[in-house]
Every structure is written in C-alpha cells, then in structure tokens.
$ cat start.tsv   # TSV, C-alpha atoms
chain	number	residue	atom	x	y	z
A	1	MET	CA	0.00	0.00	0.00
A	2	ARG	CA	3.03	2.29	0.10
A	3	GLY	CA	2.22	3.35	-3.46
A	4	PHE	CA	-0.51	5.64	-2.12
A	5	ARG	CA	1.94	7.77	-0.15
A	6	GLY	CA	3.66	10.89	-1.38
A	7	GLY	CA	1.03	11.94	-3.94
A	8	ARG	CA	1.84	9.15	-6.40
A	9	CYS	CA	-1.82	8.48	-7.14
A	10	GLY	CA	-4.37	10.98	-8.37
A	11	ALA	CA	-6.47	12.69	-5.71
A	12	MET	CA	-9.67	11.24	-7.13
A	13	ALA	CA	-8.29	7.70	-6.95
A	14	LEU	CA	-7.50	8.20	-3.30
A	15	ALA	CA	-10.91	9.67	-2.58
A	16	VAL	CA	-12.68	6.81	-4.34
A	17	ILE	CA	-10.71	4.13	-2.53
A	18	ALA	CA	-11.46	5.87	0.78
A	19	ILE	CA	-15.16	6.00	-0.11
A	20	LEU	CA	-15.28	2.32	-0.99
A	21	VAL	CA	-13.73	1.39	2.34
A	22	SER	CA	-16.06	3.58	4.40
A	23	TYR	CA	-19.17	2.57	2.46
A	24	GLY	CA	-18.51	-0.90	1.13
A	25	ALA	CA	-16.74	-2.66	3.99
A	26	ALA	CA	-20.01	-3.65	5.62
A	27	CYS	CA	-20.66	-5.99	2.70
A	28	HIS	CA	-18.17	-8.42	4.21
A	29	ALA	CA	-19.72	-11.06	6.41
A	30	GLU	CA	-16.93	-10.95	8.95
A	31	ALA	CA	-15.78	-7.77	10.69
A	32	PRO	CA	-12.20	-7.08	9.50
A	33	SER	CA	-11.27	-5.04	12.59
A	34	PRO	CA	-12.77	-3.48	15.73
A	35	ARG	CA	-15.85	-1.36	15.21
A	36	LEU	CA	-15.30	2.30	16.11
A	37	ALA	CA	-18.75	3.71	15.41
A	38	THR	CA	-22.12	3.16	13.79
A	39	VAL	CA	-23.74	5.69	11.47
A	40	ASN	CA	-27.49	5.14	11.20
A	41	GLY	CA	-26.76	1.51	11.98
A	42	HIS	CA	-23.93	1.25	9.44
A	43	PRO	CA	-20.63	0.12	11.05
A	44	VAL	CA	-17.38	2.03	10.77
A	45	TRP	CA	-14.36	-0.20	11.35
A	46	GLN	CA	-10.86	0.51	12.61
A	47	ARG	CA	-9.66	-0.55	9.17
A	48	ASP	CA	-11.62	2.29	7.59
A	49	VAL	CA	-9.84	4.84	9.76
A	50	ASP	CA	-6.42	3.24	9.29
A	51	LEU	CA	-6.78	3.46	5.53
A	52	GLU	CA	-8.01	7.05	5.72
A	53	LEU	CA	-4.90	7.95	7.70
A	54	LEU	CA	-2.68	6.14	5.23
A	55	LEU	CA	-4.19	8.00	2.29
A	56	SER	CA	-4.27	11.45	3.88
A	57	SER	CA	-0.83	11.73	5.52
A	58	SER	CA	2.64	10.24	5.47
A	59	ARG	CA	3.46	11.19	9.06
A	60	GLN	CA	2.93	9.06	12.13
A	61	PRO	CA	-0.67	9.80	13.17
A	62	THR	CA	-1.37	11.45	16.50
A	63	PRO	CA	-4.49	10.77	18.61
A	64	THR	CA	-5.93	14.01	17.20
A	65	ASP	CA	-5.28	12.77	13.65
A	66	ARG	CA	-7.14	9.55	14.42
A	67	VAL	CA	-10.17	11.41	15.76
A	68	ALA	CA	-10.25	13.64	12.67
A	69	ALA	CA	-9.92	10.63	10.36
A	70	LEU	CA	-12.86	8.91	12.03
A	71	GLU	CA	-14.99	12.01	11.52
A	72	ARG	CA	-14.07	12.13	7.82
A	73	VAL	CA	-15.05	8.49	7.40
A	74	ILE	CA	-18.37	9.23	9.12
A	75	ASP	CA	-18.93	12.14	6.74
A	76	ARG	CA	-18.35	9.98	3.68
A	77	THR	CA	-20.62	7.27	5.01
A	78	LEU	CA	-23.43	9.79	5.39
A	79	VAL	CA	-22.91	11.36	1.97
A	80	ALA	CA	-22.66	7.98	0.25
A	81	LYS	CA	-26.05	6.96	1.64
A	82	PHE	CA	-27.48	10.37	0.71
A	83	VAL	CA	-26.33	10.18	-2.91
A	84	ALA	CA	-27.71	6.64	-3.20
A	85	THR	CA	-31.19	7.96	-2.38
A	86	LYS	CA	-31.15	10.47	-5.24
A	87	GLY	CA	-32.07	7.81	-7.76
A	88	ALA	CA	-29.84	9.08	-10.56
A	89	ASP	CA	-28.03	6.09	-12.02
A	90	PRO	CA	-24.58	7.08	-13.33
A	91	LEU	CA	-23.73	6.35	-16.93
A	92	ALA	CA	-22.04	2.98	-17.34
A	93	GLU	CA	-19.30	4.58	-19.46
A	94	ASP	CA	-18.51	7.11	-16.71
A	95	VAL	CA	-18.31	4.36	-14.12
A	96	GLU	CA	-15.97	2.30	-16.31
A	97	ASN	CA	-13.73	5.32	-16.87
A	98	ARG	CA	-13.55	5.92	-13.14
A	99	ILE	CA	-12.69	2.28	-12.48
A	100	GLN	CA	-9.84	2.49	-14.97
A	101	PHE	CA	-8.66	5.71	-13.32
A	102	ILE	CA	-8.58	3.95	-9.97
A	103	ARG	CA	-6.67	1.00	-11.40
A	104	LYS	CA	-4.08	3.26	-13.04
A	105	GLY	CA	-3.72	5.24	-9.82
A	106	ILE	CA	-2.97	2.08	-7.85
A	107	GLU	CA	-0.60	0.70	-10.46
A	108	SER	CA	1.30	4.00	-10.74
A	109	GLY	CA	2.47	3.38	-7.19
A	110	GLY	CA	4.24	0.20	-8.25
A	111	ASP	CA	1.57	-2.13	-6.87
A	112	THR	CA	-1.08	-4.30	-8.48
A	113	VAL	CA	-4.80	-3.85	-8.04
A	114	GLU	CA	-5.23	-7.45	-6.97
A	115	ALA	CA	-2.52	-7.15	-4.30
A	116	VAL	CA	-3.96	-3.95	-2.86
A	117	LEU	CA	-7.51	-5.28	-2.78
A	118	GLY	CA	-6.31	-8.50	-1.21
A	119	ARG	CA	-4.56	-6.70	1.62
A	120	LEU	CA	-7.64	-4.58	2.24
A	121	LYS	CA	-9.98	-7.57	1.96
A	122	LEU	CA	-11.88	-5.81	-0.84
A	123	THR	CA	-13.23	-7.05	-4.16
A	124	GLU	CA	-13.67	-5.73	-7.69
A	125	ALA	CA	-17.36	-5.31	-6.81
A	126	ASP	CA	-16.35	-2.93	-4.01
A	127	VAL	CA	-14.32	-0.89	-6.49
A	128	ARG	CA	-17.28	-0.71	-8.88
A	129	GLN	CA	-19.58	0.37	-6.07
A	130	ALA	CA	-17.14	3.08	-5.03
A	131	ALA	CA	-16.81	4.31	-8.62
A	132	GLN	CA	-20.58	4.52	-8.91
A	133	LEU	CA	-20.76	6.56	-5.73
A	134	SER	CA	-18.03	8.93	-6.85
A	135	VAL	CA	-19.62	9.49	-10.25
A	136	SER	CA	-23.04	9.91	-8.63
A	137	TRP	CA	-21.72	12.66	-6.34
A	138	GLU	CA	-20.24	14.48	-9.31
A	139	ALA	CA	-23.54	14.15	-11.15
A	140	TYR	CA	-25.33	15.51	-8.10
A	141	LEU	CA	-23.01	18.53	-8.13
A	142	GLY	CA	-23.73	19.04	-11.82
A	143	ARG	CA	-27.48	19.10	-11.15
A	144	THR	CA	-27.25	21.23	-8.03
A	145	ILE	CA	-24.68	23.93	-8.86
A	146	LYS	CA	-26.32	26.34	-11.30
A	147	GLU	CA	-24.61	28.52	-13.90
A	148	GLN	CA	-25.59	31.76	-12.16
A	149	GLU	CA	-24.11	30.48	-8.91
A	150	LEU	CA	-20.81	29.85	-10.70
A	151	ARG	CA	-20.83	33.35	-12.19
A	152	ASP	CA	-21.76	35.03	-8.92
A	153	HIS	CA	-19.02	33.22	-7.01
A	154	PHE	CA	-16.41	34.06	-9.64
A	155	ASP	CA	-17.40	37.74	-9.68
A	156	SER	CA	-17.35	38.07	-5.88
A	157	HIS	CA	-14.07	36.16	-5.45
A	158	ARG	CA	-12.36	37.13	-8.70
A	159	GLU	CA	-8.80	37.37	-7.36
A	160	GLN	CA	-9.02	33.79	-6.13
A	161	PHE	CA	-9.58	32.48	-9.65
A	162	ASP	CA	-8.37	34.98	-12.26
A	163	GLY	CA	-4.66	34.31	-11.85
A	164	THR	CA	-3.90	37.25	-9.56
A	165	LYS	CA	-0.51	36.90	-7.86
A	166	ILE	CA	0.73	38.56	-4.71
A	167	ARG	CA	4.18	38.72	-3.16
A	168	ILE	CA	4.23	38.19	0.58
A	169	ARG	CA	6.56	38.13	3.52
A	170	GLN	CA	5.81	36.01	6.54
A	171	ILE	CA	6.98	35.45	10.07
A	172	VAL	CA	6.06	31.93	11.07
A	173	ARG	CA	6.52	30.10	14.32
A	174	THR	CA	6.32	26.47	13.31
A	175	ILE	CA	4.71	24.10	15.79
A	176	PRO	CA	4.92	20.29	15.54
A	177	ALA	CA	1.84	18.08	15.45
A	178	SER	CA	2.53	17.22	19.09
A	179	GLY	CA	2.58	20.91	20.07
A	180	THR	CA	0.87	21.84	23.33
A	181	PRO	CA	-1.74	24.59	23.80
A	182	ALA	CA	0.92	26.54	25.70
A	183	GLU	CA	3.20	26.47	22.63
A	184	TRP	CA	0.40	27.79	20.41
A	185	ASP	CA	-0.44	30.52	22.90
A	186	GLU	CA	3.22	31.53	23.23
A	187	ALA	CA	3.56	31.85	19.44
A	188	GLN	CA	0.32	33.82	19.24
A	189	LYS	CA	1.52	36.23	21.95
A	190	LEU	CA	4.92	36.73	20.28
A	191	LEU	CA	3.44	37.50	16.86
A	192	THR	CA	0.79	39.79	18.31
A	193	GLY	CA	3.58	41.82	19.91
A	194	LEU	CA	5.57	41.89	16.67
A	195	GLN	CA	2.52	43.03	14.70
A	196	GLN	CA	2.06	45.96	17.09
A	197	GLN	CA	5.75	46.93	16.84
A	198	ILE	CA	5.70	46.76	13.03
A	199	LYS	CA	2.54	48.88	12.79
A	200	ALA	CA	4.07	51.42	15.20
A	201	GLY	CA	7.19	51.64	13.05
A	202	LYS	CA	9.46	50.33	15.79
A	203	ILE	CA	10.78	47.48	13.64
A	204	GLU	CA	10.73	46.57	9.94
A	205	PHE	CA	8.87	43.41	8.94
A	206	ALA	CA	11.95	41.97	7.23
A	207	ALA	CA	14.07	42.50	10.32
A	208	ALA	CA	11.44	40.91	12.54
A	209	ALA	CA	11.24	37.91	10.20
A	210	ALA	CA	15.02	37.47	10.22
A	211	ALA	CA	15.07	37.57	14.01
A	212	HIS	CA	11.97	35.60	14.92
A	213	SER	CA	10.71	33.42	12.03
A	214	THR	CA	11.46	29.71	12.23
A	215	GLY	CA	10.64	29.16	8.54
A	216	PRO	CA	13.25	28.85	5.76
A	217	SER	CA	12.28	32.28	4.36
A	218	SER	CA	13.68	34.02	7.45
A	219	LYS	CA	17.03	34.42	5.66
A	220	GLN	CA	15.23	36.46	2.99
A	221	GLY	CA	13.46	38.67	5.50
A	222	GLY	CA	10.41	36.44	5.30
A	223	ASP	CA	9.96	36.93	1.53
A	224	ILE	CA	8.49	33.80	-0.05
A	225	GLY	CA	7.89	35.26	-3.51
A	226	LEU	CA	4.77	35.41	-5.65
A	227	ILE	CA	1.86	33.13	-4.81
A	228	GLY	CA	-1.59	32.44	-6.19
A	229	PHE	CA	-4.63	31.98	-4.00
A	230	HIS	CA	-4.64	28.20	-4.40
A	231	GLY	CA	-1.48	26.38	-3.34
A	232	GLY	CA	1.87	27.66	-2.15
A	233	VAL	CA	0.83	28.48	1.41
A	234	PRO	CA	-1.76	27.05	3.83
A	235	ALA	CA	-5.29	28.16	2.97
A	236	PRO	CA	-5.80	30.41	6.05
A	237	VAL	CA	-2.60	32.27	5.15
A	238	ALA	CA	-3.72	32.78	1.54
A	239	VAL	CA	-7.12	34.08	2.64
A	240	ALA	CA	-5.53	36.60	5.01
A	241	ALA	CA	-2.81	37.70	2.58
A	242	PHE	CA	-5.18	38.30	-0.34
A	243	ALA	CA	-7.41	40.42	1.91
A	244	LEU	CA	-4.53	42.82	2.64
A	245	LYS	CA	-3.65	45.97	0.74
A	246	VAL	CA	-0.02	46.29	-0.34
A	247	GLY	CA	2.06	47.12	2.71
A	248	GLU	CA	-0.50	45.98	5.27
A	249	VAL	CA	0.28	43.41	7.96
A	250	SER	CA	-2.15	40.73	9.08
A	251	PRO	CA	-2.95	39.75	12.64
A	252	PRO	CA	-1.58	36.33	13.70
A	253	ILE	CA	-2.98	33.46	11.62
A	254	ARG	CA	-3.12	29.84	12.72
A	255	SER	CA	-2.60	27.02	10.22
A	256	VAL	CA	-1.57	23.37	10.32
A	257	VAL	CA	2.03	24.58	10.15
A	258	GLY	CA	1.97	26.99	13.08
A	259	VAL	CA	1.23	30.67	13.64
A	260	HIS	CA	1.93	33.23	10.91
A	261	LEU	CA	2.22	36.98	10.51
A	262	VAL	CA	1.90	38.08	6.86
A	263	GLN	CA	2.64	41.24	4.89
A	264	THR	CA	1.56	41.68	1.27
A	265	THR	CA	4.22	43.61	-0.67
A	266	GLU	CA	3.08	43.40	-4.31
A	267	ARG	CA	-0.07	42.57	-6.29
A	268	ILE	CA	-0.19	41.55	-9.97
A	269	ALA	CA	-3.70	41.45	-11.43
A	270	GLY	CA	-4.83	38.30	-13.22
A	271	GLU	CA	-6.59	38.07	-16.56
A	272	LEU	CA	-8.35	34.69	-16.50
A	273	SER	CA	-12.08	34.59	-17.30
A	274	LEU	CA	-14.78	32.43	-15.78
A	275	GLU	CA	-14.40	29.99	-18.66
A	276	ASP	CA	-10.70	29.64	-17.85
A	277	ALA	CA	-11.40	29.18	-14.15
A	278	ARG	CA	-14.64	27.18	-14.35
A	279	PRO	CA	-13.19	23.87	-13.02
A	280	ALA	CA	-11.62	25.64	-10.02
A	281	VAL	CA	-14.80	27.57	-9.21
A	282	HIS	CA	-16.87	24.41	-9.55
A	283	SER	CA	-14.47	22.58	-7.23
A	284	VAL	CA	-14.76	25.24	-4.52
A	285	LEU	CA	-18.57	25.27	-4.72
A	286	GLY	CA	-18.51	21.49	-4.60
A	287	GLU	CA	-16.49	21.55	-1.40
A	288	GLN	CA	-18.93	24.05	0.09
A	289	LEU	CA	-21.89	21.87	-0.91
A	290	TRP	CA	-20.17	18.84	0.63
A	291	ALA	CA	-19.76	20.71	3.93
A	292	LYS	CA	-23.36	21.91	3.86
A	293	THR	CA	-24.65	18.43	3.04
A	294	VAL	CA	-22.60	16.85	5.82
A	295	LYS	CA	-23.87	19.41	8.34
A	296	THR	CA	-27.49	18.71	7.38
A	297	LEU	CA	-27.05	14.93	7.43
A	298	ARG	CA	-25.22	14.94	10.75
A	299	ALA	CA	-28.04	16.91	12.37
A	300	LYS	CA	-30.44	14.10	11.52
A	301	ALA	CA	-28.13	11.10	11.87
A	302	LYS	CA	-27.75	8.66	14.71
A	303	ILE	CA	-23.99	8.44	15.24
A	304	VAL	CA	-22.72	6.21	18.02
A	305	ARG	CA	-18.99	6.18	18.72
A	306	GLN	CA	-17.68	3.12	20.54

$ encode --input "start.tsv" --output "structure tokens"
Amino acid sequence: MRGFRGGRCGAMALAVIAILVSYGAACHAEAPSPRLATVNGHPVWQRDVDLELLLSSSRQPTPTDRVAALERVIDRTLVAKFVATKGADPLAEDVENRIQFIRKGIESGGDTVEAVLGRLKLTEADVRQAAQLSVSWEAYLGRTIKEQELRDHFDSHREQFDGTKIRIRQIVRTIPASGTPAEWDEAQKLLTGLQQQIKAGKIEFAAAAAAHSTGPSSKQGGDIGLIGFHGGVPAPVAVAAFALKVGEVSPPIRSVVGVHLVQTTERIAGELSLEDARPAVHSVLGEQLWAKTVKTLRAKAKIVRQ
C-alpha cells in the first residue's frame, strides 16, 4: 500500500478508494477489525480509519489525527447513503472510466490492483460500487450547482480564480503536530507583539522575520515570492494575505504549520475569465456543498462512537 503515499496516485483515486472502504466494507460477512462507530446503523471499522490515515498523511498519526480521520469516514458514510437515495443512475461509461482511473492510480504506485484489494480484503465489486458513488456525487453537483451560482461566485471572489498573484513576507513560528496549547499561545503572543511593533514603526517586517521566524524564508526577510490563491501556502494564510492591501500586515494566523504573521508587498492582477477558471470555481462550490450536506445529514443522523 506504500504506493498511495507521497502523492503518487491521483487525488480522485485516493478519494474513491477511501469512499469504498467507508461505504462498502459492511458488505463483508466478517468484521475485519474493531468497530469504532455506527452511522445510522452502518458500522465504521478501525480498518476504515487506518486506511483514511494512510491516504491522507505520510506522518505518524497522533491521537488528534485519528479522531479527525474517524470524523471524515463518518462524513463519507453519510454522503454515500445520501447520494444513493437520489435515484440518478450514473452512466455505465462514466463508471468504467472511473474504475480504470482507480486502477491506473494504484498501479502508478508500483503495486497491483489485486494485491492492494487482497490486503484490504476488498473485491472488484467494491471498487465498482465506489466508482458509482463517486460518479453519482459528481452528477449531483452538476445538477445542483447552477450557472448563475458559478458566475456570482467568480465575480465576488475574482482574485481567487483569475490568476492574480501577490508577493508576501511572513513570520512563522512552526509548531509540531505534538505541540501543546501553551506552545500555540506563546507563538500567538509573540506574533501579536511583533505586529504591534511593526505597525508602530518600531521594527521593519523583514528584520522581525530574520530575528523571529522559524521558517526557511527568514534568511530572505520572510519573503516567499509570488503566490496564487490556491497552493503555495496554507489556505488560512492565503485568505488573510489576499485580503490585505499592499504594505499591510495581518494579525496572527493559525494554520496546520503553526502561527503566521503576513505582509503583502506586491499585487499583480490576473486576466483569466470564468471559462478559464470554471473547473476551479466548480471545485470550490462542490467543497462548500459537501460541507453543507454533511452538516445537514449529521443533524439528523444517529452516530454512536464506541
């Protein structure tokens, strides 16, 4: 299963395999591992969470990681059941294409489909079921997200999609996954103080970054170059940086990396149209719809954690 690590397989292949484990494992007559929860009577096994952790991270999972992984498996279980009730059968050709995508994703990691399925105690039927669910969710998005919604979102968040680039500096206090609340609070306090000093003109941002940042950009005064909204920096950092005018400094921002202080130093306008950015806009709205759907389903679901 090592072939799934390090981004060797496509993201969709990983998502589909994760879905098939969380939704299809109950088809097996014998429980493959301890049961961690039930979702409307549907069991969630330890194996489901172990695979979710394997697919989502290469680091040694912490107890917090395990809790988060269980919640993601619960989410997929709920959404899978929801999509199945919509009664829209996916096109056979689309399902076959998705199955082939999954197979190629597995094989690109240097493994065989049969070997991977054998280790996970899964069958080709499980893969087909997962592909059907994945295609059905995409079809549901296609029916639910309207053209005007795409246009409105693009117009109101244009810089996120039109190719706009900004240059930023950052001061970051990196905190390991095992970091304590006291470490987070200490970093927050330090960066709050630095923000106040920078705004008061008592210290330059670059000098503060060189003295206090624990990131590799500290040697460049915190300068990490031009970035787009998607990728390059953690999402909370991008959101804060793009909201700043040139020269402004953000308040402290928390991300999975640690606590950041950001200054935007340059902005280069993008020129992409909605047609250029349509897949990215659709993806963002799809993620929002997923979150909304999960919230609604969880409010009505009977979830029992063991």

$ atom_distance --input "start.tsv" --atom1 "CA of Lys300 (chain A)" --atom2 "CA of Pro34 (chain A)"
25.3 Å

$ atom_distance --input "start.tsv" --atom1 "CA of Asp162 (chain A)" --atom2 "CA of Ala269 (chain A)"
8.0 Å

$ atom_distance --input "start.tsv" --atom1 "CA of Ala130 (chain A)" --atom2 "CA of Val95 (chain A)"
9.3 Å

$ closest_residue --input "start.tsv" --among "A:Arg169, A:Ser213, A:Phe101, A:Lys86" --to "Arg143 (chain A)" --atoms "all atoms listed in the file"
A:Lys86

$ closest_residue --input "start.tsv" --among "A:Gly105, A:Gly221, A:Gly142, A:Gly258" --to "Val172 (chain A)" --atoms "only C-alpha atoms"
A:Gly258

$ residues_around --input "start.tsv" --residues "Thr214 (chain A)" --least-positions-apart "6" --cutoff "9 Å" --atoms "all atoms listed in the file" --output "VMD selection string"
chain A and resid 171 to 174

$ residues_around --input "start.tsv" --residues "region 194-200 of chain A" --least-positions-apart "3" --cutoff "10 Å" --atoms "only C-alpha atoms" --output "ChimeraX atom specification"
/A:171,188-191,203-209,212,248-252,261-263

$ write_last_selection --input "start.tsv" --atoms "C-alpha atoms" --output "PDB file, in the frame of the given file"
ATOM      1  CA  ILE A 171       6.980  35.450  10.070  1.00  0.00           C
ATOM      2  CA  GLN A 188       0.320  33.820  19.240  1.00  0.00           C
ATOM      3  CA  LYS A 189       1.520  36.230  21.950  1.00  0.00           C
ATOM      4  CA  LEU A 190       4.920  36.730  20.280  1.00  0.00           C
ATOM      5  CA  LEU A 191       3.440  37.500  16.860  1.00  0.00           C
ATOM      6  CA  ILE A 203      10.780  47.480  13.640  1.00  0.00           C
ATOM      7  CA  GLU A 204      10.730  46.570   9.940  1.00  0.00           C
ATOM      8  CA  PHE A 205       8.870  43.410   8.940  1.00  0.00           C
ATOM      9  CA  ALA A 206      11.950  41.970   7.230  1.00  0.00           C
ATOM     10  CA  ALA A 207      14.070  42.500  10.320  1.00  0.00           C
ATOM     11  CA  ALA A 208      11.440  40.910  12.540  1.00  0.00           C
ATOM     12  CA  ALA A 209      11.240  37.910  10.200  1.00  0.00           C
ATOM     13  CA  HIS A 212      11.970  35.600  14.920  1.00  0.00           C
ATOM     14  CA  GLU A 248      -0.500  45.980   5.270  1.00  0.00           C
ATOM     15  CA  VAL A 249       0.280  43.410   7.960  1.00  0.00           C
ATOM     16  CA  SER A 250      -2.150  40.730   9.080  1.00  0.00           C
ATOM     17  CA  PRO A 251      -2.950  39.750  12.640  1.00  0.00           C
ATOM     18  CA  PRO A 252      -1.580  36.330  13.700  1.00  0.00           C
ATOM     19  CA  LEU A 261       2.220  36.980  10.510  1.00  0.00           C
ATOM     20  CA  VAL A 262       1.900  38.080   6.860  1.00  0.00           C
ATOM     21  CA  GLN A 263       2.640  41.240   4.890  1.00  0.00           C
TER      22      GLN A 263
END

$ residues_around --input "start.tsv" --residues "Leu289 (chain A)" --least-positions-apart "5" --cutoff "10 Å" --atoms "only C-alpha atoms" --output "list of chain:residue names"
A:Leu141, A:Thr144, A:Ile145, A:Ser283, A:Val284, A:Val294, A:Lys295

$ residues_around --input "start.tsv" --residues "Thr264 (chain A)" --least-positions-apart "6" --cutoff "9 Å" --atoms "all atoms listed in the file" --output "CSV table (one decimal) with C-alpha atoms, in the frame of the given file"
chain,number,residue,atom,x,y,z
A,166,ILE,CA,0.7,38.6,-4.7
A,167,ARG,CA,4.2,38.7,-3.2
A,168,ILE,CA,4.2,38.2,0.6
A,169,ARG,CA,6.6,38.1,3.5
A,170,GLN,CA,5.8,36.0,6.5
A,241,ALA,CA,-2.8,37.7,2.6
A,242,PHE,CA,-5.2,38.3,-0.3
A,244,LEU,CA,-4.5,42.8,2.6
A,245,LYS,CA,-3.6,46.0,0.7
A,246,VAL,CA,0.0,46.3,-0.3
A,247,GLY,CA,2.1,47.1,2.7
A,248,GLU,CA,-0.5,46.0,5.3
A,249,VAL,CA,0.3,43.4,8.0
A,250,SER,CA,-2.2,40.7,9.1

$ closest_residue --input "start.tsv" --among "A:Gln288, A:Thr85, A:Ser255, A:Gln306" --to "Ala177 (chain A)" --atoms "all atoms listed in the file"
A:Ser255

$ closest_residue --input "start.tsv" --among "A:Gly231, A:Gly201, A:Pro43, A:Pro181" --to "Lys165 (chain A)" --atoms "only C-alpha atoms"
A:Gly231

$ closest_residue --input "start.tsv" --among "A:Gln100, A:Gln148, A:Ser136, A:Asn40" --to "His282 (chain A)" --atoms "all atoms listed in the file"
A:Gln148

$ build_atoms --input "start.tsv" --residues "region 281-302 of chain A" --atoms "N, CA and C atoms" --output "PDB file, in the coordinates of the input"
ATOM      1  N   VAL A 281     -13.624  27.021  -9.888  1.00  0.00           N
ATOM      2  CA  VAL A 281     -14.800  27.570  -9.210  1.00  0.00           C
ATOM      3  C   VAL A 281     -15.767  26.451  -8.856  1.00  0.00           C
ATOM      4  N   HIS A 282     -15.970  25.537  -9.792  1.00  0.00           N
ATOM      5  CA  HIS A 282     -16.870  24.410  -9.550  1.00  0.00           C
ATOM      6  C   HIS A 282     -16.370  23.561  -8.384  1.00  0.00           C
ATOM      7  N   SER A 283     -15.048  23.371  -8.310  1.00  0.00           N
ATOM      8  CA  SER A 283     -14.470  22.580  -7.230  1.00  0.00           C
ATOM      9  C   SER A 283     -14.725  23.222  -5.865  1.00  0.00           C
ATOM     10  N   VAL A 284     -14.540  24.543  -5.786  1.00  0.00           N
ATOM     11  CA  VAL A 284     -14.760  25.240  -4.520  1.00  0.00           C
ATOM     12  C   VAL A 284     -16.223  25.152  -4.108  1.00  0.00           C
ATOM     13  N   LEU A 285     -17.144  25.373  -5.048  1.00  0.00           N
ATOM     14  CA  LEU A 285     -18.570  25.270  -4.720  1.00  0.00           C
ATOM     15  C   LEU A 285     -18.938  23.844  -4.342  1.00  0.00           C
ATOM     16  N   GLY A 286     -18.265  22.876  -4.966  1.00  0.00           N
ATOM     17  CA  GLY A 286     -18.510  21.490  -4.600  1.00  0.00           C
ATOM     18  C   GLY A 286     -18.082  21.187  -3.174  1.00  0.00           C
ATOM     19  N   GLU A 287     -16.947  21.739  -2.769  1.00  0.00           N
ATOM     20  CA  GLU A 287     -16.490  21.550  -1.400  1.00  0.00           C
ATOM     21  C   GLU A 287     -17.457  22.199  -0.407  1.00  0.00           C
ATOM     22  N   GLN A 288     -17.971  23.369  -0.778  1.00  0.00           N
ATOM     23  CA  GLN A 288     -18.930  24.050   0.090  1.00  0.00           C
ATOM     24  C   GLN A 288     -20.229  23.241   0.201  1.00  0.00           C
ATOM     25  N   LEU A 289     -20.669  22.674  -0.930  1.00  0.00           N
ATOM     26  CA  LEU A 289     -21.890  21.870  -0.910  1.00  0.00           C
ATOM     27  C   LEU A 289     -21.683  20.602  -0.089  1.00  0.00           C
ATOM     28  N   TRP A 290     -20.486  20.015  -0.195  1.00  0.00           N
ATOM     29  CA  TRP A 290     -20.170  18.840   0.630  1.00  0.00           C
ATOM     30  C   TRP A 290     -20.304  19.191   2.113  1.00  0.00           C
ATOM     31  N   ALA A 291     -19.703  20.305   2.529  1.00  0.00           N
ATOM     32  CA  ALA A 291     -19.760  20.710   3.930  1.00  0.00           C
ATOM     33  C   ALA A 291     -21.191  20.973   4.375  1.00  0.00           C
ATOM     34  N   LYS A 292     -21.964  21.620   3.532  1.00  0.00           N
ATOM     35  CA  LYS A 292     -23.360  21.910   3.860  1.00  0.00           C
ATOM     36  C   LYS A 292     -24.175  20.629   3.972  1.00  0.00           C
ATOM     37  N   THR A 293     -23.931  19.706   3.027  1.00  0.00           N
ATOM     38  CA  THR A 293     -24.650  18.430   3.040  1.00  0.00           C
ATOM     39  C   THR A 293     -24.320  17.630   4.284  1.00  0.00           C
ATOM     40  N   VAL A 294     -23.026  17.578   4.620  1.00  0.00           N
ATOM     41  CA  VAL A 294     -22.600  16.850   5.820  1.00  0.00           C
ATOM     42  C   VAL A 294     -23.251  17.432   7.064  1.00  0.00           C
ATOM     43  N   LYS A 295     -23.271  18.758   7.161  1.00  0.00           N
ATOM     44  CA  LYS A 295     -23.870  19.410   8.340  1.00  0.00           C
ATOM     45  C   LYS A 295     -25.340  19.040   8.476  1.00  0.00           C
ATOM     46  N   THR A 296     -26.059  19.052   7.362  1.00  0.00           N
ATOM     47  CA  THR A 296     -27.490  18.710   7.380  1.00  0.00           C
ATOM     48  C   THR A 296     -27.695  17.251   7.762  1.00  0.00           C
ATOM     49  N   LEU A 297     -26.899  16.359   7.160  1.00  0.00           N
ATOM     50  CA  LEU A 297     -27.050  14.930   7.430  1.00  0.00           C
ATOM     51  C   LEU A 297     -26.673  14.584   8.858  1.00  0.00           C
ATOM     52  N   ARG A 298     -25.628  15.216   9.383  1.00  0.00           N
ATOM     53  CA  ARG A 298     -25.220  14.940  10.750  1.00  0.00           C
ATOM     54  C   ARG A 298     -26.286  15.357  11.750  1.00  0.00           C
ATOM     55  N   ALA A 299     -27.010  16.431  11.446  1.00  0.00           N
ATOM     56  CA  ALA A 299     -28.040  16.910  12.370  1.00  0.00           C
ATOM     57  C   ALA A 299     -29.183  15.902  12.519  1.00  0.00           C
ATOM     58  N   LYS A 300     -29.349  15.068  11.498  1.00  0.00           N
ATOM     59  CA  LYS A 300     -30.440  14.100  11.520  1.00  0.00           C
ATOM     60  C   LYS A 300     -29.974  12.668  11.814  1.00  0.00           C
ATOM     61  N   ALA A 301     -28.675  12.450  11.777  1.00  0.00           N
ATOM     62  CA  ALA A 301     -28.130  11.100  11.870  1.00  0.00           C
ATOM     63  C   ALA A 301     -28.021  10.603  13.319  1.00  0.00           C
ATOM     64  N   LYS A 302     -28.040   9.303  13.432  1.00  0.00           N
ATOM     65  CA  LYS A 302     -27.750   8.660  14.710  1.00  0.00           C
ATOM     66  C   LYS A 302     -26.333   8.111  14.623  1.00  0.00           C
TER      67      LYS A 302
END
